[in-house]
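Peer 1: Please read through the structure below; I'll follow up with questions.
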Amino acid sequence: MPRLRYSRWDGTQRPFSLAAEAALDELARHLMEGMSVDEALSWMRYQGFELAGQNFRVMGVEELMQQLRQKARELMSGRNLDHVFDERWQKLRDALDREQAALRERHGDESQRLNEFRDRREPLPKRLSEALRRFESHEWEDAEAEAAYRELLEEQAEIRALEDFQARNRQQLRGGRSLGYDEALELMRQVERLGQMARNLLEGNFSSISLDELRELAGEEGVESLLILRDLRGRLEQAGYVRDGSGGLELTPRAIRRIGELALDDIYGALKRGAPGAHATLHHGGGAITIERSRPYVFGEPANIDAVATVRNALLRDPAKLSVPVSIEPQDLEVWDTDQQTDTTTVLLLDMSWSMSWSGRWPAAKRVAIAMDQLIRTRYPRDRFFTVGFYTRARELRIPELPELVWNMEDPFTNLQDGLRVAQRLIDRHPSANKQIIVITDGQPTAYFVGDELRVEWPSGVGGTSPRANKETLGEVSRVTRKGITINTFMLDDAPELMHFVEAMTRINKGRAFYTTPGQIGEYVMVDYLSRKRRKIR
């Protein structure tokens, strides 16, 4: 049996850790908003985040700095530095008086040396450090005066720092208790340590921060948060979720798969109450064996024999002839039932116009694309699934780029016609008996092609339409329909002009149109995709 040894924690061990999966889950949430990996990690460090399922909030740099600022305010509260230099000013004036008396006695009241000394002395600067610097080149006559001055000069750096500290914090240092010089120095050092800790936080120098000092300020939660922030990137790299790329950190294929699983869980979770199963059809024949049920064998079908049921049928057919070996007749044969499998080519058209950045539309739509890719690759590997983004133009989107994909800010127009063209080319290259296009959009078309010429057309007034863009896009819908491709449209806006356009699409294509919201779109799209393919044999 292994032996365990326990010891008191002394601050050097690492009792806190962050599961890479939890870090990636939070990272994925920010990626869905359109951040890059570097931007998302920076945001998580600065703003903090919740650890899902662990009932713990990781304090970010901003929150930790608030703790530091609050502690600094508490240290300075009720205190002032109005008389902090009184003793040293008096010591300097006494030394200057002794020196002036010595000069008068040795050189006379009208001597050049005395006059030069008076010019240095009157008037003295308001800051003690500057007054001390004024006499650095003076040749002293009185030894005691010089000794007193040299003692003050040794403190010049501290005095200057304390003067600067007083100037920076004049508003906070207005309390009723006046601090002496030594008390003021200690206060300054404490506040400066807090300031250095804050700078280390801002610059990401987490290893330079004293855990004991942080514990006094923010407790164990602050220490745990700091350790998690410090290890955040390393954990993700060690787990194989992020790596250095040409443009900074990038997701690995492993991370993209997990993000797909997360998106699938979010969207598909509400659908699990129904029966699972694959793409079943109404036809008998070759397919996946369903061991939950069997049926009599029909000549010509694959003989996936249910041995137990077959022997049982033979024994029940003539119980009087129970013997070994059992005599089996063709009518005794029973086979496992099968679900006939079919395949589908699906293209998801994702609106990437600027308006998709509103009201959480873009993260919801992008989550659907990632989830559908994950669903099809894991549950329906024979299917083909593609994602096409459309704005002023349209292009196929690679799955690895989806987590960090952002809407197109430079092209404000919506070219659904070009999206349909790209979708058709993909379906033509990967034909199947079942072909469908799923459109997720929040606006009517405002861009289109006439031949190879790209044209754009703003809607005519508030609530108006883009007539030529609508006409050319509906013409493309007709071409899609003639190829036997179904178009299902999910609208993220209930504007009348959009609904009228989608109704016209539906009349031509005989597909379906849904108005939904960003919070529901995932469930609706998934239900539509699965329901079109669920066909059980009898």
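Starting from 1 in every chain, residues are counted up; chains themselves are A, B, ... following the order of the structure tokens, and ligands are numbered from 1 as listed.
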Using only C-alpha atoms, which protein or nucleic acid residues come within 12 Å of Ala101 (chain A)? Drop anything in the same chain fewer than 6 positions from it, and give the result as number ranges by chain.
Peer 2: A: 94-95, 107-109, 113-114, 117-118, 140-142, 145
Peer 1: Write a file of the selected residues as a compact mmCIF listing (two decimals), in the first residue's frame, keeping C-alpha atoms.
Peer 2:
```txt
# COMPACT_ATOMS: atom_id res chain seq x y z
CA ASP A 94 20.48 75.86 12.47
CA ALA A 95 23.45 74.65 10.41
CA HIS A 107 35.80 87.25 6.74
CA GLY A 108 33.82 90.27 7.81
CA ASP A 109 30.27 91.46 7.24
CA ARG A 113 32.24 84.85 0.75
CA LEU A 114 29.51 85.99 3.12
CA PHE A 117 26.49 82.50 1.08
CA ARG A 118 23.61 84.93 1.63
CA TRP A 140 32.11 75.11 4.82
CA GLU A 141 33.87 77.16 7.50
CA ASP A 142 32.14 75.68 10.57
CA ALA A 145 27.48 73.03 10.65
```
Peer 1: So how far away is CA of Arg429 (chain A) from CA of Gly475 (chain A), in Å?
Peer 2: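 Atom-to-atom, CA of Gly475 (chain A) and CA of Arg429 (chain A) are spaced 21.7 Å apart.
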Peer 1: Which residues, written as number ranges by chain, have at least one atom at most 7 Å from region 488-493 of chain A, with only C-alpha atoms counted and residues fewer than 2 positions away on the same chain left out?
Peer 2: A: 437-442, 486, 495, 511-518
Peer 1: What does the file look like for those residues with N, CA and C atoms, as a CSV table (one decimal), in the first residue's frame?
Peer 2:
```
chain,number,residue,atom,x,y,z
A,437,ILE,N,-29.4,23.6,-48.0
A,437,ILE,CA,-28.6,24.8,-47.6
A,437,ILE,C,-29.4,25.4,-46.4
A,438,ILE,N,-28.7,25.7,-45.4
A,438,ILE,CA,-29.2,26.4,-44.2
A,438,ILE,C,-28.7,27.8,-44.2
A,439,VAL,N,-29.6,28.8,-44.2
A,439,VAL,CA,-29.2,30.2,-44.2
A,439,VAL,C,-29.5,30.8,-42.8
A,440,ILE,N,-28.5,31.4,-42.2
A,440,ILE,CA,-28.6,32.2,-41.0
A,440,ILE,C,-28.3,33.7,-41.3
A,441,THR,N,-29.3,34.5,-41.2
A,441,THR,CA,-29.2,35.9,-41.6
A,441,THR,C,-30.0,36.8,-40.8
A,442,ASP,N,-29.7,38.1,-40.8
A,442,ASP,CA,-30.5,39.1,-40.1
A,442,ASP,C,-30.9,40.3,-41.0
A,486,THR,N,-32.7,21.9,-51.1
A,486,THR,CA,-33.7,22.6,-50.2
A,486,THR,C,-33.0,23.7,-49.5
A,495,ALA,N,-37.8,42.2,-39.0
A,495,ALA,CA,-38.1,43.3,-39.8
A,495,ALA,C,-39.0,42.9,-41.0
A,511,GLY,N,-38.9,25.4,-49.2
A,511,GLY,CA,-38.2,25.1,-48.0
A,511,GLY,C,-39.0,25.7,-46.8
A,512,ARG,N,-38.3,25.9,-45.7
A,512,ARG,CA,-38.9,26.4,-44.6
A,512,ARG,C,-38.2,27.7,-44.1
A,513,ALA,N,-38.9,28.5,-43.4
A,513,ALA,CA,-38.4,29.7,-42.9
A,513,ALA,C,-38.8,29.8,-41.4
A,514,PHE,N,-37.8,30.3,-40.6
A,514,PHE,CA,-38.1,30.4,-39.1
A,514,PHE,C,-37.6,31.7,-38.7
A,515,TYR,N,-38.4,32.4,-37.8
A,515,TYR,CA,-37.9,33.5,-37.1
A,515,TYR,C,-37.5,33.1,-35.7
A,516,THR,N,-36.3,33.4,-35.3
A,516,THR,CA,-35.9,33.0,-34.0
A,516,THR,C,-35.0,34.1,-33.4
A,517,THR,N,-34.4,33.8,-32.3
A,517,THR,CA,-33.6,34.7,-31.5
A,517,THR,C,-32.2,34.1,-31.4
A,518,PRO,N,-31.2,34.9,-31.1
A,518,PRO,CA,-29.8,34.3,-30.9
A,518,PRO,C,-29.8,33.2,-29.8
```
Peer 1: For a quick check of understanding, using only C-alpha atoms, which of A:Asn415, A:Glu87, A:Pro431, A:Arg482 has the smallest distance to Val456 (chain A)?
Peer 2: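 Going through A:Asn415, A:Glu87, A:Pro431, A:Arg482 one by one, the smallest distance to Val456 (chain A) is for A:Asn415.
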Peer 1: Please identify which residues in region 445-503 of chain A DSSP calls helix (DSSP H, G or I) from the backbone, and express them as a compact mmCIF listing (two decimals) with C-alpha atoms, in the first residue's frame.
Peer 2:
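Produced file part.txt, reproduced below:
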```
# COMPACT_ATOMS: atom_id res chain seq x y z
CA PRO A 467 -35.30 45.68 -55.48
CA ARG A 468 -32.55 44.63 -57.89
CA ALA A 469 -30.63 42.77 -55.18
CA ASN A 470 -33.82 40.91 -54.22
CA LYS A 471 -34.59 40.07 -57.86
CA GLU A 472 -31.12 38.68 -58.63
CA THR A 473 -31.01 36.69 -55.37
CA LEU A 474 -34.44 35.16 -55.97
CA GLY A 475 -33.24 34.20 -59.46
CA GLU A 476 -30.40 32.29 -57.81
CA VAL A 477 -32.93 30.65 -55.47
CA SER A 478 -34.75 29.36 -58.56
CA ARG A 479 -31.52 27.84 -59.94
CA VAL A 480 -30.87 26.18 -56.58
CA THR A 481 -34.41 24.79 -56.52
CA ARG A 482 -34.08 23.27 -60.02
CA PRO A 496 -40.99 43.24 -42.30
CA GLU A 497 -38.76 43.72 -45.34
CA LEU A 498 -36.65 40.69 -44.37
CA MET A 499 -39.70 38.54 -43.69
CA HIS A 500 -41.24 39.45 -47.05
CA PHE A 501 -38.04 38.51 -48.86
CA VAL A 502 -37.72 35.18 -47.04
CA GLU A 503 -41.37 34.38 -47.73
```
